[in-house]
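Below: coords.pdb (PDB, C-alpha atoms, pLDDT in the B column)
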ATOM      1  CA  MET N   1       0.000   0.000   0.000  1.00 82.00           C
ATOM      2  CA  THR N   2       1.328   3.491  -0.737  1.00 86.00           C
ATOM      3  CA  THR N   3       1.511   6.107   2.020  1.00 86.00           C
ATOM      4  CA  GLU N   4      -1.402   7.899   0.333  1.00 88.00           C
ATOM      5  CA  GLU N   5      -3.543   4.747   0.350  1.00 88.00           C
ATOM      6  CA  VAL N   6      -2.695   4.079   4.001  1.00 89.00           C
ATOM      7  CA  GLU N   7      -3.562   7.642   4.996  1.00 86.00           C
ATOM      8  CA  SER N   8      -6.815   7.458   3.087  1.00 88.00           C
ATOM      9  CA  ARG N   9      -7.708   4.114   4.688  1.00 88.00           C
ATOM     10  CA  LEU N  10      -6.844   5.408   8.177  1.00 86.00           C
ATOM     11  CA  GLY N  11      -9.666   7.919   7.729  1.00 81.00           C
ATOM     12  CA  SER N  12     -10.575   9.377  11.107  1.00 73.00           C
ATOM     13  CA  THR N  13      -8.288   7.005  13.016  1.00 77.00           C
ATOM     14  CA  ASP N  14      -6.627   9.382  15.419  1.00 82.00           C
ATOM     15  CA  GLY N  15      -2.917   9.981  15.761  1.00 90.00           C
ATOM     16  CA  TRP N  16      -1.447   7.131  13.715  1.00 94.00           C
ATOM     17  CA  LYS N  17       1.288   8.143  11.286  1.00 93.00           C
ATOM     18  CA  VAL N  18       3.256   6.386   8.599  1.00 93.00           C
ATOM     19  CA  GLU N  19       6.855   6.236   9.864  1.00 92.00           C
ATOM     20  CA  GLY N  20       9.240   4.420   7.549  1.00 91.00           C
ATOM     21  CA  GLU N  21       7.493   1.153   6.639  1.00 92.00           C
ATOM     22  CA  ALA N  22       5.309   1.052   9.747  1.00 95.00           C
ATOM     23  CA  LEU N  23       2.281   2.681  11.340  1.00 96.00           C
ATOM     24  CA  TYR N  24       3.256   4.504  14.547  1.00 97.00           C
ATOM     25  CA  LYS N  25       1.405   6.088  17.455  1.00 97.00           C
ATOM     26  CA  ARG N  26       2.453   7.417  20.864  1.00 97.00           C
ATOM     27  CA  PHE N  27       0.157   7.388  23.900  1.00 97.00           C
ATOM     28  CA  GLU N  28       0.860   9.227  27.155  1.00 97.00           C
ATOM     29  CA  PHE N  29       0.008   8.094  30.673  1.00 97.00           C
ATOM     30  CA  ALA N  30       0.241   9.324  34.258  1.00 98.00           C
ATOM     31  CA  ASN N  31       2.942   6.898  35.370  1.00 98.00           C
ATOM     32  CA  PHE N  32       4.715   3.580  34.660  1.00 98.00           C
ATOM     33  CA  ALA N  33       1.929   1.325  35.931  1.00 98.00           C
ATOM     34  CA  GLU N  34      -0.639   2.854  33.567  1.00 98.00           C
ATOM     35  CA  SER N  35       1.729   2.497  30.619  1.00 98.00           C
ATOM     36  CA  LEU N  36       2.344  -1.163  31.478  1.00 98.00           C
ATOM     37  CA  ALA N  37      -1.382  -1.873  31.927  1.00 98.00           C
ATOM     38  CA  PHE N  38      -2.120  -0.443  28.475  1.00 98.00           C
ATOM     39  CA  VAL N  39       0.767  -2.411  26.945  1.00 98.00           C
ATOM     40  CA  ASN N  40      -0.729  -5.600  28.394  1.00 98.00           C
ATOM     41  CA  LYS N  41      -4.126  -4.816  26.858  1.00 98.00           C
ATOM     42  CA  VAL N  42      -2.460  -4.315  23.475  1.00 98.00           C
ATOM     43  CA  GLY N  43      -0.495  -7.535  24.039  1.00 98.00           C
ATOM     44  CA  ALA N  44      -3.763  -9.454  24.444  1.00 98.00           C
ATOM     45  CA  ILE N  45      -5.101  -7.930  21.217  1.00 97.00           C
ATOM     46  CA  ALA N  46      -1.878  -8.823  19.410  1.00 98.00           C
ATOM     47  CA  GLU N  47      -2.048 -12.430  20.548  1.00 98.00           C
ATOM     48  CA  SER N  48      -5.701 -12.733  19.482  1.00 97.00           C
ATOM     49  CA  ALA N  49      -4.905 -11.243  16.089  1.00 96.00           C
ATOM     50  CA  ASP N  50      -1.652 -13.202  15.811  1.00 96.00           C
ATOM     51  CA  HIS N  51      -0.115  -9.923  14.663  1.00 97.00           C
ATOM     52  CA  HIS N  52       2.461  -8.349  16.924  1.00 97.00           C
ATOM     53  CA  PRO N  53       3.543  -4.727  17.009  1.00 98.00           C
ATOM     54  CA  ASP N  54       6.883  -3.480  18.264  1.00 98.00           C
ATOM     55  CA  ILE N  55       6.264  -1.684  21.544  1.00 98.00           C
ATOM     56  CA  THR N  56       8.421   0.873  23.343  1.00 98.00           C
ATOM     57  CA  PHE N  57       7.255   2.093  26.733  1.00 98.00           C
ATOM     58  CA  GLY N  58       8.378   3.480  30.054  1.00 98.00           C
ATOM     59  CA  TRP N  59       7.303   5.991  32.681  1.00 98.00           C
ATOM     60  CA  GLY N  60       4.289   7.844  31.248  1.00 98.00           C
ATOM     61  CA  TYR N  61       4.308   6.690  27.632  1.00 98.00           C
ATOM     62  CA  ALA N  62       3.869   3.809  25.226  1.00 98.00           C
ATOM     63  CA  GLU N  63       4.648   3.780  21.506  1.00 98.00           C
ATOM     64  CA  PHE N  64       3.472   1.199  18.992  1.00 98.00           C
ATOM     65  CA  ARG N  65       4.840   0.363  15.552  1.00 98.00           C
ATOM     66  CA  THR N  66       3.098  -2.143  13.313  1.00 97.00           C
ATOM     67  CA  MET N  67       3.995  -3.464   9.895  1.00 96.00           C
ATOM     68  CA  THR N  68       3.552  -6.733   8.055  1.00 94.00           C
ATOM     69  CA  HIS N  69       7.113  -8.067   8.138  1.00 85.00           C
ATOM     70  CA  ASP N  70       6.666 -10.735   5.464  1.00 86.00           C
ATOM     71  CA  ARG N  71       5.212  -8.135   3.089  1.00 84.00           C
ATOM     72  CA  GLY N  72       7.683  -5.396   4.021  1.00 82.00           C
ATOM     73  CA  GLY N  73       5.064  -2.755   4.588  1.00 92.00           C
ATOM     74  CA  ILE N  74       1.634  -1.779   5.876  1.00 95.00           C
ATOM     75  CA  THR N  75      -1.319  -4.034   5.039  1.00 95.00           C
ATOM     76  CA  ASP N  76      -4.973  -4.503   6.005  1.00 94.00           C
ATOM     77  CA  VAL N  77      -3.794  -6.483   9.036  1.00 96.00           C
ATOM     78  CA  ASP N  78      -2.011  -3.404  10.397  1.00 96.00           C
ATOM     79  CA  LEU N  79      -4.992  -1.158   9.776  1.00 95.00           C
ATOM     80  CA  ALA N  80      -7.219  -3.631  11.639  1.00 95.00           C
ATOM     81  CA  LEU N  81      -4.752  -3.731  14.554  1.00 96.00           C
ATOM     82  CA  VAL N  82      -4.543   0.054  14.980  1.00 96.00           C
ATOM     83  CA  LYS N  83      -8.328   0.292  15.013  1.00 94.00           C
ATOM     84  CA  GLU N  84      -8.471  -2.362  17.733  1.00 95.00           C
ATOM     85  CA  ILE N  85      -5.803  -0.576  19.771  1.00 95.00           C
ATOM     86  CA  ASP N  86      -7.712   2.691  19.521  1.00 93.00           C
ATOM     87  CA  SER N  87     -10.930   0.940  20.509  1.00 91.00           C
ATOM     88  CA  ILE N  88      -9.563   0.148  24.005  1.00 90.00           C
ATOM     89  CA  GLY N  89      -8.968   3.854  24.591  1.00 74.00           C
ATOM     90  CA  LYS N  90      -6.443   4.783  27.225  1.00 64.00           C
TER      91      LYS N  90
ATOM     92  CA  MET L   1      30.122   7.832  36.392  1.00 82.00           C
ATOM     93  CA  THR L   2      32.455   7.504  33.418  1.00 86.00           C
ATOM     94  CA  THR L   3      32.014   4.662  30.920  1.00 86.00           C
ATOM     95  CA  GLU L   4      35.147   3.069  32.355  1.00 88.00           C
ATOM     96  CA  GLU L   5      33.786   3.206  35.897  1.00 89.00           C
ATOM     97  CA  VAL L   6      30.464   1.743  34.764  1.00 89.00           C
ATOM     98  CA  GLU L   7      32.186  -1.092  32.909  1.00 86.00           C
ATOM     99  CA  SER L   8      34.361  -1.821  35.897  1.00 88.00           C
ATOM    100  CA  ARG L   9      31.337  -1.817  38.246  1.00 88.00           C
ATOM    101  CA  LEU L  10      29.375  -4.096  35.890  1.00 86.00           C
ATOM    102  CA  GLY L  11      32.031  -6.730  36.485  1.00 81.00           C
ATOM    103  CA  SER L  12      30.721 -10.106  35.391  1.00 73.00           C
ATOM    104  CA  THR L  13      27.221  -8.774  34.700  1.00 77.00           C
ATOM    105  CA  ASP L  14      26.477 -10.383  31.372  1.00 82.00           C
ATOM    106  CA  GLY L  15      25.569  -8.564  28.191  1.00 90.00           C
ATOM    107  CA  TRP L  16      24.905  -5.032  29.438  1.00 95.00           C
ATOM    108  CA  LYS L  17      26.554  -2.271  27.435  1.00 93.00           C
ATOM    109  CA  VAL L  18      26.882   1.453  27.778  1.00 93.00           C
ATOM    110  CA  GLU L  19      24.877   2.960  24.906  1.00 92.00           C
ATOM    111  CA  GLY L  20      24.796   6.739  24.883  1.00 91.00           C
ATOM    112  CA  GLU L  21      23.900   7.764  28.454  1.00 92.00           C
ATOM    113  CA  ALA L  22      22.178   4.487  29.315  1.00 95.00           C
ATOM    114  CA  LEU L  23      22.860   0.846  30.114  1.00 96.00           C
ATOM    115  CA  TYR L  24      21.365  -1.406  27.422  1.00 97.00           C
ATOM    116  CA  LYS L  25      20.729  -5.142  27.032  1.00 97.00           C
ATOM    117  CA  ARG L  26      18.769  -7.247  24.543  1.00 97.00           C
ATOM    118  CA  PHE L  27      17.144 -10.576  25.463  1.00 97.00           C
ATOM    119  CA  GLU L  28      15.720 -13.044  22.964  1.00 97.00           C
ATOM    120  CA  PHE L  29      12.660 -15.267  23.402  1.00 97.00           C
ATOM    121  CA  ALA L  30      10.729 -17.955  21.520  1.00 98.00           C
ATOM    122  CA  ASN L  31       7.657 -15.828  20.778  1.00 98.00           C
ATOM    123  CA  PHE L  32       5.645 -12.736  21.757  1.00 98.00           C
ATOM    124  CA  ALA L  33       4.067 -14.231  24.883  1.00 98.00           C
ATOM    125  CA  GLU L  34       7.456 -15.030  26.421  1.00 98.00           C
ATOM    126  CA  SER L  35       8.744 -11.541  25.658  1.00 98.00           C
ATOM    127  CA  LEU L  36       5.679  -9.986  27.301  1.00 98.00           C
ATOM    128  CA  ALA L  37       5.940 -12.262  30.350  1.00 98.00           C
ATOM    129  CA  PHE L  38       9.556 -11.211  30.894  1.00 98.00           C
ATOM    130  CA  VAL L  39       8.661  -7.538  30.412  1.00 98.00           C
ATOM    131  CA  ASN L  40       6.033  -7.884  33.137  1.00 98.00           C
ATOM    132  CA  LYS L  41       8.578  -9.384  35.531  1.00 98.00           C
ATOM    133  CA  VAL L  42      10.901  -6.462  34.862  1.00 98.00           C
ATOM    134  CA  GLY L  43       7.951  -4.094  35.295  1.00 98.00           C
ATOM    135  CA  ALA L  44       7.365  -5.475  38.801  1.00 98.00           C
ATOM    136  CA  ILE L  45      11.053  -4.992  39.659  1.00 97.00           C
ATOM    137  CA  ALA L  46      10.929  -1.437  38.301  1.00 98.00           C
ATOM    138  CA  GLU L  47       7.889  -0.572  40.410  1.00 98.00           C
ATOM    139  CA  SER L  48       9.496  -2.032  43.557  1.00 97.00           C
ATOM    140  CA  ALA L  49      12.693  -0.102  42.897  1.00 96.00           C
ATOM    141  CA  ASP L  50      10.780   3.027  41.830  1.00 96.00           C
ATOM    142  CA  HIS L  51      13.235   3.165  38.932  1.00 97.00           C
ATOM    143  CA  HIS L  52      11.845   2.600  35.468  1.00 97.00           C
ATOM    144  CA  PRO L  53      13.748   1.514  32.389  1.00 98.00           C
ATOM    145  CA  ASP L  54      12.688   2.234  28.830  1.00 98.00           C
ATOM    146  CA  ILE L  55      11.565  -1.065  27.318  1.00 98.00           C
ATOM    147  CA  THR L  56      11.232  -2.047  23.654  1.00 98.00           C
ATOM    148  CA  PHE L  57       9.826  -5.462  22.859  1.00 98.00           C
ATOM    149  CA  GLY L  58       7.935  -7.509  20.313  1.00 98.00           C
ATOM    150  CA  TRP L  59       7.869 -11.005  18.848  1.00 98.00           C
ATOM    151  CA  GLY L  60      10.902 -12.825  20.259  1.00 98.00           C
ATOM    152  CA  TYR L  61      12.833 -10.020  21.906  1.00 98.00           C
ATOM    153  CA  ALA L  62      12.942  -7.421  24.662  1.00 98.00           C
ATOM    154  CA  GLU L  63      15.442  -4.585  25.070  1.00 98.00           C
ATOM    155  CA  PHE L  64      15.995  -2.533  28.210  1.00 98.00           C
ATOM    156  CA  ARG L  65      17.610   0.853  28.623  1.00 98.00           C
ATOM    157  CA  THR L  66      18.184   2.364  32.043  1.00 97.00           C
ATOM    158  CA  MET L  67      19.609   5.695  33.086  1.00 96.00           C
ATOM    159  CA  THR L  68      19.063   8.110  35.936  1.00 94.00           C
ATOM    160  CA  HIS L  69      17.184  10.878  34.141  1.00 85.00           C
ATOM    161  CA  ASP L  70      17.604  13.535  36.822  1.00 86.00           C
ATOM    162  CA  ARG L  71      21.361  12.899  36.906  1.00 84.00           C
ATOM    163  CA  GLY L  72      21.701  12.585  33.107  1.00 82.00           C
ATOM    164  CA  GLY L  73      23.658   9.362  33.209  1.00 92.00           C
ATOM    165  CA  ILE L  74      24.271   5.981  34.798  1.00 95.00           C
ATOM    166  CA  THR L  75      24.290   5.734  38.600  1.00 95.00           C
ATOM    167  CA  ASP L  76      24.272   3.078  41.329  1.00 94.00           C
ATOM    168  CA  VAL L  77      20.507   2.826  40.919  1.00 96.00           C
ATOM    169  CA  ASP L  78      20.939   1.634  37.323  1.00 96.00           C
ATOM    170  CA  LEU L  79      23.608  -0.881  38.264  1.00 95.00           C
ATOM    171  CA  ALA L  80      21.317  -2.288  40.964  1.00 95.00           C
ATOM    172  CA  LEU L  81      18.449  -2.547  38.465  1.00 96.00           C
ATOM    173  CA  VAL L  82      20.424  -4.443  35.829  1.00 96.00           C
ATOM    174  CA  LYS L  83      21.593  -6.932  38.456  1.00 94.00           C
ATOM    175  CA  GLU L  84      17.986  -7.497  39.521  1.00 95.00           C
ATOM    176  CA  ILE L  85      16.867  -7.953  35.913  1.00 95.00           C
ATOM    177  CA  ASP L  86      19.603 -10.509  35.318  1.00 93.00           C
ATOM    178  CA  SER L  87      18.684 -12.324  38.533  1.00 91.00           C
ATOM    179  CA  ILE L  88      15.244 -13.297  37.157  1.00 90.00           C
ATOM    180  CA  GLY L  89      16.944 -15.038  34.238  1.00 74.00           C
ATOM    181  CA  LYS L  90      14.894 -15.565  31.109  1.00 64.00           C
TER     182      LYS L  90
END

Would you mind writing the file's structure down as structure tokens?
Amino acid sequence: MTTEEVESRLGSTDGWKVEGEALYKRFEFANFAESLAFVNKVGAIAESADHHPDITFGWGYAEFRTMTHDRGGITDVDLALVKEIDSIGK
Amino acid sequence: MTTEEVESRLGSTDGWKVEGEALYKRFEFANFAESLAFVNKVGAIAESADHHPDITFGWGYAEFRTMTHDRGGITDVDLALVKEIDSIGK
């Protein structure tokens, strides 16, 4: 998918950006425990979907990057994952 | 602490390296679930120590970076944390 197609398909999905070959979003939290709790919720989604983002987190933040490694870019599977992540709110 | 002092203090601590202003180590795992389980163990250590690393993980790996933000470098608190992380094994 081209960046333009991805951006069009993201539609009103809030805050996700194309960064390199992945979709990226940063969330902010009040402390470490809240970041870790959110990361665990996303981990459960990833296991259900059998599609696993790269996650960076620490005190007060969590960042997610998703791409389809065997396709070398962003696919429908990534778009579905970011919508699921957004659906759990923060 | 200088890089030399940190390396000397690390002693036989396995696999930790000075990277920029932080101590860094990468662990590898068989899948996403094992990575996440290890991250949660480290999260519990971090909360007990009230000292929180930056963590990047995904399918089959987890990376930890620790520094003392308000001192702008590596301190005793970081050295204690990496020893605790290593003590849980993988």

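For N:Lys17, the residues within 10 Å (counting all atoms listed in the file, excluding itself and residues fewer than 2 positions away along the chain) are Thr3, Val6, Glu7, Leu10, Thr13, Asp14, Gly15, Glu19, Gly20, Ala22, Leu23, Tyr24, Lys25, Arg26 and Arg65 of chain N.
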
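Checking N:Thr56, N:Ser48, N:Thr2, N:Ser35 one by one against chain L, counting all atoms listed in the file, you find the shortest gap at N:Thr56.
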
May I have the residues within 7 Å of N:Phe27 as a PDB file with C-alpha atoms, keeping the file's coordinate frame, using all atoms listed in the file and disregarding those fewer than 4 positions away in the same chain?
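Below is the file around33.pdb, written as the result:
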ATOM      1  CA  TYR N  61       4.308   6.690  27.632  1.00 98.00           C
ATOM      2  CA  ALA N  62       3.869   3.809  25.226  1.00 98.00           C
ATOM      3  CA  GLU N  63       4.648   3.780  21.506  1.00 98.00           C
TER       4      GLU N  63
END

Translate the PyMOL selection byres ((chain N) within 9 of (chain L)) into a concrete residue list for this structure, as a PDB file with C-alpha atoms, keeping the file's coordinate frame.
ATOM      1  CA  PHE N  32       4.715   3.580  34.660  1.00 98.00           C
ATOM      2  CA  ALA N  33       1.929   1.325  35.931  1.00 98.00           C
ATOM      3  CA  LEU N  36       2.344  -1.163  31.478  1.00 98.00           C
ATOM      4  CA  ASN N  40      -0.729  -5.600  28.394  1.00 98.00           C
ATOM      5  CA  GLY N  43      -0.495  -7.535  24.039  1.00 98.00           C
ATOM      6  CA  ALA N  46      -1.878  -8.823  19.410  1.00 98.00           C
ATOM      7  CA  GLU N  47      -2.048 -12.430  20.548  1.00 98.00           C
ATOM      8  CA  HIS N  52       2.461  -8.349  16.924  1.00 97.00           C
ATOM      9  CA  PRO N  53       3.543  -4.727  17.009  1.00 98.00           C
ATOM     10  CA  ASP N  54       6.883  -3.480  18.264  1.00 98.00           C
ATOM     11  CA  ILE N  55       6.264  -1.684  21.544  1.00 98.00           C
ATOM     12  CA  THR N  56       8.421   0.873  23.343  1.00 98.00           C
ATOM     13  CA  PHE N  57       7.255   2.093  26.733  1.00 98.00           C
ATOM     14  CA  GLY N  58       8.378   3.480  30.054  1.00 98.00           C
ATOM     15  CA  TRP N  59       7.303   5.991  32.681  1.00 98.00           C
TER      16      TRP N  59
END

Q: List every protein, DNA or RNA residue that has at least one atom no more than 9 Å from (18.9, 2.0, 42.5) in the file's coordinates, counting all atoms listed in the file, and write the result as a list of chain:residue names.
A: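 Within 9 Å of (18.9, 2.0, 42.5), the protein and nucleic acid residues are L:Ala49, L:Asp50, L:His51, L:Thr68, L:Thr75, L:Asp76, L:Val77, L:Asp78, L:Leu79, L:Ala80, L:Leu81.
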
Least-squares Cα fit of chain N to chain L, output as a short mmCIF file (atom, residue, chain, number, x, y, z; two decimals) with C-alpha atoms, in the frame of the given file:
data_model
loop_
_atom_site.label_atom_id
_atom_site.label_comp_id
_atom_site.auth_asym_id
_atom_site.auth_seq_id
_atom_site.Cartn_x
_atom_site.Cartn_y
_atom_site.Cartn_z
CA MET N 1 30.12 7.83 36.39
CA THR N 2 32.47 7.49 33.41
CA THR N 3 32.02 4.64 30.92
CA GLU N 4 35.17 3.06 32.36
CA GLU N 5 33.79 3.19 35.91
CA VAL N 6 30.47 1.73 34.77
CA GLU N 7 32.19 -1.10 32.91
CA SER N 8 34.37 -1.83 35.90
CA ARG N 9 31.37 -1.83 38.25
CA LEU N 10 29.38 -4.09 35.90
CA GLY N 11 32.04 -6.74 36.51
CA SER N 12 30.72 -10.11 35.39
CA THR N 13 27.22 -8.78 34.71
CA ASP N 14 26.48 -10.37 31.38
CA GLY N 15 25.58 -8.57 28.19
CA TRP N 16 24.90 -5.03 29.43
CA LYS N 17 26.55 -2.28 27.42
CA VAL N 18 26.89 1.46 27.77
CA GLU N 19 24.88 2.96 24.90
CA GLY N 20 24.79 6.75 24.88
CA GLU N 21 23.90 7.76 28.45
CA ALA N 22 22.17 4.50 29.32
CA LEU N 23 22.85 0.85 30.11
CA TYR N 24 21.36 -1.41 27.42
CA LYS N 25 20.72 -5.13 27.03
CA ARG N 26 18.76 -7.25 24.55
CA PHE N 27 17.15 -10.57 25.47
CA GLU N 28 15.71 -13.04 22.96
CA PHE N 29 12.67 -15.26 23.40
CA ALA N 30 10.74 -17.94 21.53
CA ASN N 31 7.67 -15.83 20.79
CA PHE N 32 5.64 -12.74 21.75
CA ALA N 33 4.07 -14.21 24.89
CA GLU N 34 7.46 -15.03 26.42
CA SER N 35 8.75 -11.54 25.67
CA LEU N 36 5.68 -9.99 27.30
CA ALA N 37 5.93 -12.26 30.36
CA PHE N 38 9.56 -11.21 30.89
CA VAL N 39 8.66 -7.53 30.40
CA ASN N 40 6.02 -7.88 33.13
CA LYS N 41 8.57 -9.39 35.53
CA VAL N 42 10.91 -6.46 34.86
CA GLY N 43 7.95 -4.09 35.30
CA ALA N 44 7.36 -5.48 38.80
CA ILE N 45 11.04 -4.99 39.65
CA ALA N 46 10.92 -1.44 38.32
CA GLU N 47 7.89 -0.57 40.42
CA SER N 48 9.49 -2.03 43.56
CA ALA N 49 12.69 -0.10 42.91
CA ASP N 50 10.78 3.01 41.83
CA HIS N 51 13.23 3.16 38.94
CA HIS N 52 11.84 2.60 35.47
CA PRO N 53 13.74 1.53 32.38
CA ASP N 54 12.67 2.23 28.82
CA ILE N 55 11.55 -1.06 27.30
CA THR N 56 11.23 -2.05 23.65
CA PHE N 57 9.82 -5.47 22.87
CA GLY N 58 7.94 -7.52 20.32
CA TRP N 59 7.87 -11.01 18.85
CA GLY N 60 10.91 -12.84 20.26
CA TYR N 61 12.84 -10.02 21.91
CA ALA N 62 12.93 -7.43 24.66
CA GLU N 63 15.42 -4.59 25.06
CA PHE N 64 15.99 -2.53 28.20
CA ARG N 65 17.61 0.87 28.60
CA THR N 66 18.17 2.37 32.03
CA MET N 67 19.61 5.70 33.09
CA THR N 68 19.05 8.11 35.94
CA HIS N 69 17.18 10.89 34.14
CA ASP N 70 17.60 13.54 36.84
CA ARG N 71 21.36 12.92 36.88
CA GLY N 72 21.70 12.59 33.11
CA GLY N 73 23.65 9.37 33.22
CA ILE N 74 24.26 5.98 34.79
CA THR N 75 24.28 5.72 38.59
CA ASP N 76 24.29 3.06 41.32
CA VAL N 77 20.51 2.81 40.92
CA ASP N 78 20.94 1.62 37.33
CA LEU N 79 23.61 -0.88 38.26
CA ALA N 80 21.32 -2.29 40.97
CA LEU N 81 18.44 -2.54 38.47
CA VAL N 82 20.42 -4.45 35.83
CA LYS N 83 21.59 -6.93 38.45
CA GLU N 84 17.99 -7.49 39.52
CA ILE N 85 16.87 -7.95 35.92
CA ASP N 86 19.61 -10.51 35.33
CA SER N 87 18.68 -12.31 38.54
CA ILE N 88 15.25 -13.29 37.13
CA GLY N 89 16.96 -15.02 34.21
CA LYS N 90 14.91 -15.55 31.10
#

(Q) Between atom CA of N:Glu34 and atom CA of N:Ser87, what distance in Å does the model show, to one decimal? (A)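 If I compute the distance from atom CA of N:Glu34 to atom CA of N:Ser87, I get 16.7 Å.
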
Using only the atoms of stretch 53-68 of chain L listed in the file, plus 8 Å on each side, state the axis-aligned box centre and edge lengths in Å rounded to one decimal, as lines of an AutoDock Vina configuration file.
center_x = 13.7
center_y = -2.4
center_z = 27.4
size_x = 27.7
size_y = 36.9
size_z = 33.1

Q: Choose the residue, out of N:Ile88, N:Ile45, N:Ala30, N:Ile74, that has the smallest atom-to-atom separation from N:Gly60; count all atoms listed in the file.
A: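 Closest to N:Gly60, using all atoms listed in the file: N:Ala30.
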
Q) How far is it from atom CA of N:Trp16 to atom CA of L:Thr66, in Å with one decimal? A) 27.3 Å

Q: Using only C-alpha atoms, pick whichever of L:Glu28, L:Glu21, L:Asp86, L:Asp70 has the shortest atom-to-atom distance to L:Met1.
A: L:Glu21

Q) Just how far from atom CA of L:Val42 is atom CA of L:Glu84, in Å to one decimal? A) 8.5 Å
